[in-house]
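With mmCIF, C-alpha atoms inside, this is target-v5.cif:
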data_work
loop_
_atom_site.label_atom_id
_atom_site.label_comp_id
_atom_site.auth_asym_id
_atom_site.auth_seq_id
_atom_site.Cartn_x
_atom_site.Cartn_y
_atom_site.Cartn_z
CA MET F 228 25.35 29.68 -74.13
CA LEU F 229 25.66 26.02 -73.34
CA LEU F 230 28.55 24.17 -74.78
CA ALA F 231 28.17 20.84 -76.50
CA GLN F 232 27.14 17.82 -74.44
CA PRO F 233 27.48 18.02 -70.70
CA GLU F 234 30.30 15.87 -69.48
CA VAL F 235 29.03 13.25 -67.13
CA HIS F 236 30.89 12.81 -63.90
CA ALA F 237 30.45 9.94 -61.56
CA GLN F 238 29.65 11.48 -58.20
CA GLY F 239 32.10 10.37 -55.61
CA GLY F 240 32.53 12.50 -52.55
CA ILE F 241 31.63 16.15 -52.68
CA ASN F 242 32.59 18.22 -55.70
CA LEU F 243 32.42 21.91 -55.15
CA GLU F 244 31.28 23.66 -58.30
CA LEU F 245 31.61 27.44 -58.25
CA GLY F 246 29.17 27.82 -61.14
CA THR F 247 26.46 25.80 -59.41
CA MET F 248 26.96 27.75 -56.23
CA LEU F 249 26.74 31.13 -57.95
CA PHE F 250 23.67 30.02 -59.84
CA THR F 251 22.07 28.76 -56.64
CA LEU F 252 22.83 32.04 -54.91
CA ALA F 253 21.35 34.01 -57.81
CA THR F 254 18.24 31.83 -57.85
CA PHE F 255 17.80 32.25 -54.12
CA LEU F 256 18.24 36.03 -54.28
CA VAL F 257 15.75 36.31 -57.14
CA LEU F 258 13.30 34.15 -55.19
CA LEU F 259 13.88 36.27 -52.09
CA TYR F 260 13.12 39.42 -54.05
CA LEU F 261 10.11 38.13 -55.95
CA LEU F 262 8.62 36.34 -52.98
CA SER F 263 8.98 39.42 -50.80
CA ARG F 264 7.71 41.78 -53.46
CA TYR F 265 4.69 39.83 -54.67
CA ALA F 266 3.65 37.65 -51.74
CA LEU F 267 5.21 38.22 -48.35
CA LYS F 268 5.13 42.01 -48.16
CA PRO F 269 1.46 42.27 -49.20
CA LEU F 270 0.70 39.49 -46.76
CA LEU F 271 2.59 41.21 -43.94
CA SER F 272 0.87 44.51 -44.60
CA VAL F 273 -2.51 42.79 -44.51
CA MET F 274 -1.59 41.09 -41.25
CA GLU F 275 -0.49 44.42 -39.82
CA LYS F 276 -3.71 46.07 -40.97
CA ARG F 277 -5.75 43.32 -39.38
CA GLU F 278 -3.81 43.69 -36.15
CA LYS F 279 -4.42 47.43 -36.19
CA ARG F 280 -8.09 46.93 -36.98
CA ILE F 281 -8.55 44.47 -34.14
CA HIS F 282 -6.71 46.85 -31.86
CA ASP F 283 -9.00 49.68 -32.96
CA LEU F 284 -12.09 47.52 -32.52
CA ILE F 285 -11.05 46.59 -29.01
CA ALA F 286 -10.31 50.21 -28.16
CA GLY F 287 -13.64 51.27 -29.68
CA ALA F 288 -15.52 48.60 -27.76
CA GLU F 289 -13.80 49.71 -24.58
CA ALA F 290 -14.78 53.35 -25.21
CA ASP F 291 -18.34 52.34 -26.06
CA ARG F 292 -18.60 50.31 -22.90
CA ARG F 293 -17.37 53.22 -20.81
CA ALA F 294 -19.81 55.60 -22.51
CA ALA F 295 -22.66 53.14 -21.96
CA GLU F 296 -21.77 52.79 -18.31
CA GLU F 297 -21.68 56.56 -17.96
CA LYS F 298 -25.10 56.86 -19.59
CA LEU F 299 -26.49 54.12 -17.40
CA ARG F 300 -25.27 55.87 -14.27
CA GLU F 301 -26.76 59.12 -15.50
CA ALA F 302 -30.11 57.49 -16.26
CA GLU F 303 -30.15 55.83 -12.86
CA ALA F 304 -29.46 59.13 -11.16
CA ARG F 305 -32.24 60.79 -13.14
CA LEU F 306 -34.61 57.97 -12.33
CA ALA F 307 -33.88 58.27 -8.61
CA GLU F 308 -34.36 62.03 -8.83
CA ALA F 309 -37.67 61.63 -10.64
CA ARG F 310 -38.83 59.05 -8.14
CA SER F 311 -38.09 61.27 -5.16
CA GLU F 312 -39.74 64.20 -6.90
CA ALA F 313 -42.84 62.12 -7.58
CA GLU F 314 -42.95 61.07 -3.96
CA ALA F 315 -42.70 64.67 -2.83
CA ILE F 316 -45.50 65.69 -5.20
CA LEU F 317 -47.68 62.84 -4.01
CA ALA F 318 -47.09 63.70 -0.38
CA ARG F 319 -47.89 67.32 -0.99
CA ALA F 320 -51.07 66.41 -2.88
CA ARG F 321 -52.19 64.07 -0.12
CA HIS F 322 -51.55 66.73 2.46
CA MET F 323 -53.52 69.31 0.50
CA ALA F 324 -56.42 66.94 -0.08
CA GLU F 325 -56.60 66.19 3.63
CA LYS F 326 -56.62 69.86 4.48
CA GLU F 327 -59.32 70.55 1.94
CA ALA F 328 -61.44 67.71 3.20
CA GLU F 329 -61.11 69.03 6.73
CA ALA F 330 -62.06 72.50 5.58
CA LEU F 331 -65.05 71.16 3.69
CA LEU F 332 -66.17 69.14 6.68
CA ALA F 333 -65.87 72.12 8.97
CA GLN F 334 -67.77 74.27 6.53
CA ALA F 335 -70.51 71.68 6.23
CA ASN F 336 -70.80 71.42 10.00
CA GLU F 337 -71.04 75.16 10.32
CA GLU F 338 -73.65 75.28 7.60
CA SER F 339 -75.76 72.61 9.20
CA VAL F 340 -75.57 74.36 12.58
CA ARG F 341 -76.54 77.61 10.96
CA LEU F 342 -79.45 76.01 9.13
CA ARG F 343 -80.71 74.36 12.29
CA GLU F 344 -80.50 77.68 14.12
CA GLU F 345 -82.36 79.45 11.35
CA ALA F 346 -85.04 76.78 11.27
CA ARG F 347 -85.49 77.00 15.03
CA ARG F 348 -85.75 80.76 14.88
CA ALA F 349 -88.32 80.56 12.12
CA ILE F 350 -90.36 78.03 14.07
CA GLU F 351 -90.14 80.23 17.19
CA GLU F 352 -91.27 83.27 15.27
CA GLU F 353 -94.12 81.36 13.70
CA ARG F 354 -95.22 80.12 17.09
CA ALA F 355 -95.01 83.54 18.62
CA ARG F 356 -97.04 84.95 15.77
CA ALA F 357 -99.58 82.14 16.09
CA VAL F 358 -99.86 82.65 19.84
CA ALA F 359 -100.36 86.37 19.31
CA ALA F 360 -103.00 85.73 16.65
CA LEU F 361 -104.70 83.26 18.97
CA ARG F 362 -104.69 85.76 21.73
CA ARG F 363 -106.28 88.32 19.52
CA GLU F 364 -108.80 85.76 18.40
CA VAL F 365 -109.55 84.71 21.99
CA ALA F 366 -110.03 88.32 22.97
CA ASP F 367 -112.34 88.98 20.04
CA LEU F 368 -114.26 85.84 20.76
CA SER F 369 -114.49 86.70 24.41
CA VAL F 370 -115.85 90.09 23.50
CA LEU F 371 -118.26 88.45 21.09
CA ILE F 372 -119.30 85.87 23.59
CA ALA F 373 -119.69 88.49 26.28
CA GLY F 374 -121.79 90.61 23.92
CA ARG F 375 -124.03 87.64 23.13
CA ILE F 376 -124.39 86.82 26.79
CA LEU F 377 -125.37 90.38 27.62
CA GLU F 378 -127.98 90.41 24.81
CA GLN F 379 -129.61 87.14 25.87
CA SER F 380 -129.00 86.81 29.60
CA VAL F 381 -132.30 85.00 30.23
CA ASP F 382 -131.40 81.43 29.73
CA GLU F 383 -128.44 80.76 31.93
CA ALA F 384 -128.27 77.14 31.17
CA ALA F 385 -128.50 77.76 27.47
CA GLU F 386 -125.90 80.45 27.85
CA ARG F 387 -123.45 78.09 29.45
CA ALA F 388 -124.06 75.46 26.87
CA TYR F 389 -123.48 77.96 24.16
CA ALA F 390 -120.35 79.29 25.73
CA GLU F 391 -119.10 75.79 26.11
CA ARG F 392 -119.79 75.09 22.51
CA VAL F 393 -117.98 78.23 21.46
CA LEU F 394 -115.07 77.42 23.66
CA GLU F 395 -115.02 73.97 22.23
CA GLU F 396 -114.82 75.56 18.82
CA VAL F 397 -111.99 77.77 20.04
CA GLY F 398 -110.33 74.77 21.66
CA GLY F 399 -110.28 73.15 18.29
CA LEU F 400 -107.83 75.81 17.30
CA ARG F 401 -105.31 74.69 19.79
CA MET K 172 22.56 4.32 -55.39
CA THR K 173 24.36 7.21 -56.93
CA HIS K 174 23.99 8.46 -60.43
CA ALA K 175 26.25 10.63 -62.48
CA ALA K 176 25.83 14.40 -62.56
CA PRO K 177 25.53 16.44 -65.76
CA ILE K 178 28.36 18.95 -65.53
CA VAL K 179 29.22 21.68 -68.04
CA THR K 180 32.21 23.96 -67.83
CA TRP K 181 31.76 27.58 -68.80
CA MET K 182 34.19 30.43 -68.27
CA GLY K 183 36.32 28.12 -66.13
CA MET K 184 33.44 27.39 -63.76
CA ARG K 185 31.70 24.07 -63.42
CA PHE K 186 27.90 24.01 -63.50
CA ASN K 187 25.71 21.11 -62.44
CA LEU K 188 22.72 21.35 -64.79
CA SER K 189 20.56 19.01 -62.74
CA THR K 190 21.06 21.02 -59.55
CA MET K 191 20.43 24.27 -61.38
CA LEU K 192 17.23 22.87 -62.87
CA MET K 193 16.00 21.75 -59.47
CA ASP K 194 16.93 25.12 -57.92
CA VAL K 195 14.67 26.82 -60.41
CA VAL K 196 11.91 24.25 -59.98
CA ALA K 197 11.94 24.64 -56.19
CA ALA K 198 12.01 28.44 -56.41
CA ALA K 199 9.19 28.43 -58.95
CA ILE K 200 7.00 26.15 -56.82
CA VAL K 201 7.57 28.32 -53.75
CA PHE K 202 6.82 31.48 -55.69
CA ILE K 203 3.71 30.14 -57.41
CA LEU K 204 2.24 28.70 -54.21
CA ALA K 205 2.92 31.92 -52.34
CA VAL K 206 1.45 34.12 -55.04
CA LEU K 207 -1.63 31.91 -55.38
CA GLY K 208 -2.02 32.02 -51.62
CA THR K 209 -1.86 35.80 -51.47
CA ARG K 210 -4.02 36.63 -54.47
CA ARG K 211 -7.14 37.61 -52.57
CA LEU K 212 -5.83 38.92 -49.30
CA THR K 213 -8.31 39.80 -46.60
CA THR K 214 -7.89 41.62 -43.33
CA GLY K 215 -10.83 39.57 -42.12
CA VAL K 216 -10.61 35.92 -41.21
CA PRO K 217 -7.92 34.35 -43.45
CA ARG K 218 -8.84 31.14 -45.27
CA GLY K 219 -7.03 28.51 -47.28
CA MET K 220 -3.53 29.30 -48.46
CA GLN K 221 -3.52 32.76 -46.91
CA ASN K 222 -4.11 31.11 -43.58
CA VAL K 223 -1.26 28.66 -44.20
CA LEU K 224 1.13 31.43 -45.21
CA GLU K 225 0.15 33.54 -42.21
CA TRP K 226 0.80 30.53 -40.03
CA VAL K 227 4.24 30.15 -41.68
CA ILE K 228 5.01 33.81 -41.00
CA GLU K 229 3.97 33.49 -37.36
CA PHE K 230 5.99 30.29 -37.11
CA VAL K 231 9.09 32.03 -38.49
CA ARG K 232 8.47 34.96 -36.13
CA GLY K 233 8.51 32.42 -33.33
CA ILE K 234 11.85 31.02 -34.53
CA ILE K 235 13.33 34.51 -34.76
CA GLY K 236 11.90 35.48 -31.38
CA SER K 237 13.59 32.49 -29.76
CA ALA K 238 16.95 33.55 -31.19
CA MET K 239 16.97 37.32 -30.83
CA ASN K 240 15.12 40.46 -29.87
CA PRO K 241 11.97 40.36 -32.05
CA ARG K 242 12.29 44.02 -32.95
CA LEU K 243 15.74 43.44 -34.43
CA GLY K 244 14.56 40.12 -35.84
CA GLU K 245 11.72 41.65 -37.87
CA ARG K 246 14.42 42.73 -40.35
CA TYR K 247 15.27 39.08 -41.07
CA LEU K 248 11.67 37.90 -41.34
CA LEU K 249 11.60 37.86 -45.16
CA LEU K 250 14.97 36.11 -45.39
CA ALA K 251 14.04 33.48 -42.83
CA THR K 252 10.62 32.84 -44.39
CA THR K 253 12.12 32.47 -47.87
CA LEU K 254 14.81 30.14 -46.53
CA LEU K 255 12.25 27.98 -44.75
CA LEU K 256 9.91 27.69 -47.75
CA PHE K 257 12.70 27.15 -50.27
CA ILE K 258 14.47 24.48 -48.21
CA PHE K 259 11.25 22.73 -47.25
CA VAL K 260 10.04 22.52 -50.84
CA SER K 261 13.55 21.47 -51.97
CA ASN K 262 13.61 18.66 -49.42
CA MET K 263 10.23 17.40 -50.60
CA LEU K 264 11.09 17.46 -54.32
CA GLY K 265 13.27 14.34 -54.22
CA LEU K 266 10.77 12.22 -52.32
CA PRO K 267 8.05 11.20 -54.79
CA PHE K 268 10.41 10.18 -57.60
CA ALA K 269 13.78 10.65 -59.20
CA ILE K 270 14.28 11.06 -62.93
CA VAL K 271 17.32 9.38 -64.34
CA VAL K 272 18.05 9.71 -68.02
CA GLY K 273 20.89 7.71 -69.50
CA GLY K 274 22.53 7.20 -66.14
CA VAL K 275 22.31 10.90 -65.38
CA GLN K 276 20.03 11.94 -62.52
CA TRP K 277 18.02 15.03 -63.42
CA TRP K 278 15.24 15.16 -60.86
CA LYS K 279 16.28 15.20 -57.20
CA SER K 280 16.16 17.46 -54.18
CA PRO K 281 18.40 20.46 -54.84
CA THR K 282 19.34 20.22 -51.18
CA ALA K 283 20.78 16.78 -51.89
CA ASP K 284 23.67 18.69 -53.49
CA ALA K 285 26.22 20.13 -51.06
CA ASN K 286 26.78 23.07 -53.39
CA VAL K 287 23.26 24.30 -52.68
CA THR K 288 23.30 23.84 -48.93
CA LEU K 289 26.77 25.35 -48.58
CA THR K 290 25.73 28.31 -50.72
CA LEU K 291 22.78 28.97 -48.45
CA ALA K 292 24.97 28.57 -45.38
CA ILE K 293 27.51 31.00 -46.78
CA ALA K 294 24.75 33.48 -47.61
CA VAL K 295 23.61 33.30 -44.00
CA LEU K 296 27.22 33.75 -42.89
CA LEU K 297 27.54 36.89 -45.01
CA VAL K 298 24.28 38.29 -43.65
CA ALA K 299 25.44 37.56 -40.11
CA HIS K 300 28.77 39.33 -40.53
CA TYR K 301 27.20 42.23 -42.39
CA SER K 302 24.67 42.64 -39.56
CA GLY K 303 27.45 42.47 -36.98
CA ILE K 304 29.37 45.28 -38.66
CA ARG K 305 26.22 47.29 -39.14
CA GLU K 306 25.12 46.96 -35.52
CA HIS K 307 28.46 47.41 -33.79
CA GLY K 308 30.71 49.15 -36.33
CA TRP K 309 34.04 47.73 -37.49
CA GLY K 310 35.58 48.21 -34.05
CA GLY K 311 32.89 46.37 -32.18
CA TYR K 312 32.78 43.70 -34.85
CA LEU K 313 36.52 43.02 -34.66
CA ARG K 314 36.59 43.21 -30.87
CA SER K 315 33.93 40.49 -30.75
CA TYR K 316 36.63 38.03 -31.87
CA LEU K 317 38.56 38.73 -28.65
CA LYS K 318 35.67 37.83 -26.37
CA PRO K 319 35.65 36.60 -23.67
CA ASN K 320 39.44 37.29 -23.88
CA PHE K 321 42.16 37.40 -26.54
CA LEU K 322 43.03 33.70 -26.07
CA PHE K 323 39.75 32.88 -27.77
CA LEU K 324 40.76 34.57 -31.02
CA PRO K 325 41.69 31.36 -32.89
CA ILE K 326 38.61 29.56 -31.61
CA ASN K 327 36.37 32.43 -32.65
CA VAL K 328 37.91 32.49 -36.13
CA ILE K 329 37.64 28.75 -36.59
CA GLU K 330 34.06 28.89 -35.34
CA GLN K 331 33.06 31.01 -38.32
CA PHE K 332 34.18 28.28 -40.74
CA SER K 333 33.03 25.31 -38.70
CA ASN K 334 29.61 26.80 -38.08
CA THR K 335 29.05 27.47 -41.73
CA LEU K 336 30.41 24.11 -42.82
CA THR K 337 28.24 22.15 -40.38
CA HIS K 338 25.28 24.40 -41.14
CA GLY K 339 25.42 23.45 -44.80
CA MET K 340 26.59 19.87 -44.48
CA ARG K 341 23.96 18.91 -41.89
CA LEU K 342 21.15 19.70 -44.34
CA TYR K 343 22.98 18.12 -47.28
CA GLY K 344 23.79 14.96 -45.34
CA ASN K 345 20.24 14.38 -44.18
CA ILE K 346 18.64 14.90 -47.55
CA TYR K 347 21.31 13.17 -49.60
CA ALA K 348 21.30 10.12 -47.33
CA GLY K 349 17.54 9.99 -47.56
CA GLU K 350 17.69 10.01 -51.35
CA VAL K 351 20.41 7.38 -51.47
CA LEU K 352 18.28 5.02 -49.41
CA LEU K 353 15.20 5.81 -51.52
CA GLY K 354 17.27 5.09 -54.63
CA LEU K 355 18.45 1.77 -53.21
CA LEU K 356 14.91 0.70 -52.34
CA ALA K 357 13.64 1.80 -55.76
CA GLY K 358 16.50 -0.13 -57.38
CA ALA K 359 15.51 -3.22 -55.42
CA ALA K 360 11.94 -2.80 -56.66
CA LYS K 361 13.23 -2.76 -60.22
CA ALA K 362 15.22 -5.97 -59.81
CA GLY K 363 12.29 -8.39 -59.62
CA VAL K 364 8.80 -9.07 -58.34
CA LEU K 365 9.93 -10.58 -55.06
CA THR K 366 12.30 -7.75 -54.22
CA MET K 367 9.63 -5.26 -55.27
CA LEU K 368 7.21 -6.73 -52.75
CA LEU K 369 9.90 -6.77 -50.12
CA ALA K 370 10.95 -3.19 -50.86
CA ALA K 371 7.45 -1.62 -51.10
CA VAL K 372 6.77 -1.31 -47.39
CA PRO K 373 10.19 0.03 -46.33
CA LEU K 374 10.07 2.41 -49.27
CA MET K 375 6.84 3.96 -48.09
CA VAL K 376 8.00 4.02 -44.49
CA TRP K 377 11.22 5.73 -45.52
CA GLN K 378 9.37 8.26 -47.66
CA ALA K 379 7.16 9.16 -44.73
CA PHE K 380 10.19 9.45 -42.51
CA SER K 381 11.91 11.60 -45.12
CA ILE K 382 9.00 14.02 -45.11
CA PHE K 383 9.50 14.32 -41.38
CA VAL K 384 13.28 14.70 -41.76
CA GLY K 385 12.88 17.24 -44.55
CA ALA K 386 10.52 19.36 -42.46
CA ILE K 387 12.74 19.14 -39.38
CA GLN K 388 15.90 19.96 -41.34
CA SER K 389 14.39 23.04 -42.96
CA PHE K 390 13.31 24.16 -39.48
CA VAL K 391 16.74 23.44 -38.02
CA PHE K 392 18.48 25.29 -40.84
CA VAL K 393 16.41 28.44 -40.22
CA VAL K 394 16.82 28.21 -36.44
CA LEU K 395 20.61 27.99 -36.81
CA ALA K 396 20.66 30.78 -39.38
CA MET K 397 18.85 33.06 -36.93
CA VAL K 398 21.08 31.98 -34.06
CA TYR K 399 24.24 32.75 -36.07
CA ILE K 400 22.87 36.12 -37.15
CA ALA K 401 21.77 36.93 -33.60
CA HIS K 402 25.21 35.95 -32.34
CA LYS K 403 26.76 38.60 -34.58
CA ALA K 404 24.09 41.26 -34.54
CA GLU K 405 23.03 41.35 -30.91
CA ALA K 406 24.83 43.15 -28.13
CA HIS K 407 27.71 41.04 -26.85
#
Could you take the file, read its structure, and then write that structure out as structure tokens?
Amino acid sequence: MLLAQPEVHAQGGINLELGTMLFTLATFLVLLYLLSRYALKPLLSVMEKREKRIHDLIAGAEADRRAAEEKLREAEARLAEARSEAEAILARARHMAEKEAEALLAQANEESVRLREEARRAIEEERARAVAALRREVADLSVLIAGRILEQSVDEAAERAYAERVLEEVGGLR
Amino acid sequence: MTHAAPIVTWMGMRFNLSTMLMDVVAAAIVFILAVLGTRRLTTGVPRGMQNVLEWVIEFVRGIIGSAMNPRLGERYLLLATTLLLFIFVSNMLGLPFAIVVGGVQWWKSPTADANVTLTLAIAVLLVAHYSGIREHGWGGYLRSYLKPNFLFLPINVIEQFSNTLTHGMRLYGNIYAGEVLLGLLAGAAKAGVLTMLLAAVPLMVWQAFSIFVGAIQSFVFVVLAMVYIAHKAEAH
């Protein structure tokens, strides 16, 4: 393509060369195309993707934060509910225990009163029976003593002494 | 210090071989760096070159956003990014060294040739006018030359040429002047030991300054490109 030797021009002033200009334009257009196709467009798409990803991440983080807050509120509400329920249960239990204790105490009192009453009645009965038995005994003895006295009415003094002795025996029963 | 340019004529058109070579070199460097940087793309935390390129994209988005509605501007993101990278790399190419063979300079910044900068400016001009027609239709596009009133018609027409001319020449002037001064200092270094010692420090200072200028000029070029496009494409 090239012709012989290039002529050599001394450069004075500005020489416009149509060939140089066209070649420069062509070079620039080829560079524009190749650079865009193989470097800038891939780079731009990557930058765009990154921007989108960061945008998505921020949106996701925002959504997560909102969900977490919602859950936290829910948990707090549940906790408060559970606490009040526990308090109610505790109060009820305390109330019931008190009532039961009172009932038990009353029952125990009643029981003790009843037992005392029973014991007194038993003692009374026993005493009455003993007194009755004693009376019978005294009567029998009296009859016995009287019979003895009538059989041996000679010795008055001895009689008295004997009676006294008998009575002393009887008195030992008291 | 100017050197001759290797020119060939083909089909009635003149071609500067050195400029064409450097065009391709700059484009290749941009392409290779960008492809290496985007080989293992991650949607996670970007590292290394991917991080740099993402920063460049965000930077260009900022430029576009300052000139026009970002939603409309997204359409010009690839163009603006390519312009920025290509011009920045082009501006840097001439800084570390120049290759001169037999009085002909082969290695330089492609943007130190007005043909390159004007071509880019004209490309931006075409995009701007195409966008204007596309956004407003032929009627709206043509009526925009009569704003704010018909007296402004000549000014509006001249503006199209002057904008494009200054757009291209501003970049060319900065980079070309930088290379001329670098060439002068390098020439002084070649002349003798004493001049080399004298030239070393200013040479380094000027190289550092040229890095700054090259970065700023690529930024300015893209800002103006977006402003011109916005001027045509946005609602008047």
### Query
Mind pulling up the distance from CA of Ile382 in chain K to CA of Ala253 in chain F?
26.7 Å
### Query
In file coordinates, which residues lie within 10 Å of (24.3, 20.9, -53.3) using only C-alpha atoms, given as a PyMOL selection string?
(chain F and resi 241-244+247-248+251) or (chain K and resi 187+190-191+194+280-291+339-340+342-344+347)
Listed atoms of range 347-352 of chain F boxed along x, y and z, 4 Å each side, centre and edge lengths in Å, one decimal, as JSON:
{"center_x": -88.4, "center_y": 80.1, "center_z": 14.7, "size_x": 13.8, "size_y": 14.3, "size_z": 13.1}
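Within 6 Å of chain F, chain K contributes the residues Ala175, Ala176, Pro177, Ile178, Val179, Met184, Arg185, Phe186, Asn187, Ala198, Phe202, Ala205, Val206, Thr209, Thr214, Thr253, Asn286 and Thr290 of chain K, using all atoms listed in the file.
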Please dump the current selection as a short mmCIF file (atom, residue, chain, number, x, y, z; two decimals), keeping the file's coordinate frame; keep C-alpha atoms.
data_model
loop_
_atom_site.label_atom_id
_atom_site.label_comp_id
_atom_site.auth_asym_id
_atom_site.auth_seq_id
_atom_site.Cartn_x
_atom_site.Cartn_y
_atom_site.Cartn_z
CA ALA K 175 26.25 10.63 -62.48
CA ALA K 176 25.83 14.40 -62.56
CA PRO K 177 25.53 16.44 -65.76
CA ILE K 178 28.36 18.95 -65.53
CA VAL K 179 29.22 21.68 -68.04
CA MET K 184 33.44 27.39 -63.76
CA ARG K 185 31.70 24.07 -63.42
CA PHE K 186 27.90 24.01 -63.50
CA ASN K 187 25.71 21.11 -62.44
CA ALA K 198 12.01 28.44 -56.41
CA PHE K 202 6.82 31.48 -55.69
CA ALA K 205 2.92 31.92 -52.34
CA VAL K 206 1.45 34.12 -55.04
CA THR K 209 -1.86 35.80 -51.47
CA THR K 214 -7.89 41.62 -43.33
CA THR K 253 12.12 32.47 -47.87
CA ASN K 286 26.78 23.07 -53.39
CA THR K 290 25.73 28.31 -50.72
#
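Atom to atom, CA of Met375 in chain K and CA of Pro267 in chain K stand 9.9 Å apart.
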### Task
For the structure shown, which residues end up in the PyMOL selection byres ((chain K and resi 243) around 12)? Put them as a PyMOL selection string, please?
chain K and resi 232+235-236+238-242+244-248+302+306+397+400-401+404-406
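Distance-wise, CA of Glu396 in chain F and CA of Ala366 in chain F end up 14.2 Å apart.
For the structure shown here, the set of residues caught by the PyMOL selection byres ((chain K and resi 254) around 9) is F:Phe255, F:Leu259, K:Leu249, K:Leu250, K:Ala251, K:Thr252, K:Thr253, K:Leu255, K:Leu256, K:Phe257, K:Ile258, K:Phe259, K:Leu291, K:Ser389, K:Phe392, K:Val393.
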### Message
At a cut-off of 12 Å, using only C-alpha atoms, what residues contact Asn334 in chain K? Leave out same-chain residues fewer than 4 positions from it and give the result as a VMD selection string.
### Response
chain K and resid 289 292 to 293 295 to 296 299 326 to 330 338 to 341 392 395 to 396 398 to 400 402
### Task
Take the point (13.1, 3.6, -49.0) in the file's coordinates, draw a sphere of radius 12 Å around it, and report as a PyMOL selection string every protein, DNA or RNA residue with an atom inside or on it, counting all atoms listed in the file.
chain K and resi 172+265-268+348-360+367+369-382
### Task
For each of K:Gly208, K:Val201, K:His300, K:Gly385, take the minimum atom-to-atom distance to Leu313 in chain K, counting all atoms listed in the file, then give the residue where this is smallest.
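For Leu313 in chain K, the nearest of the given residues is K:His300.
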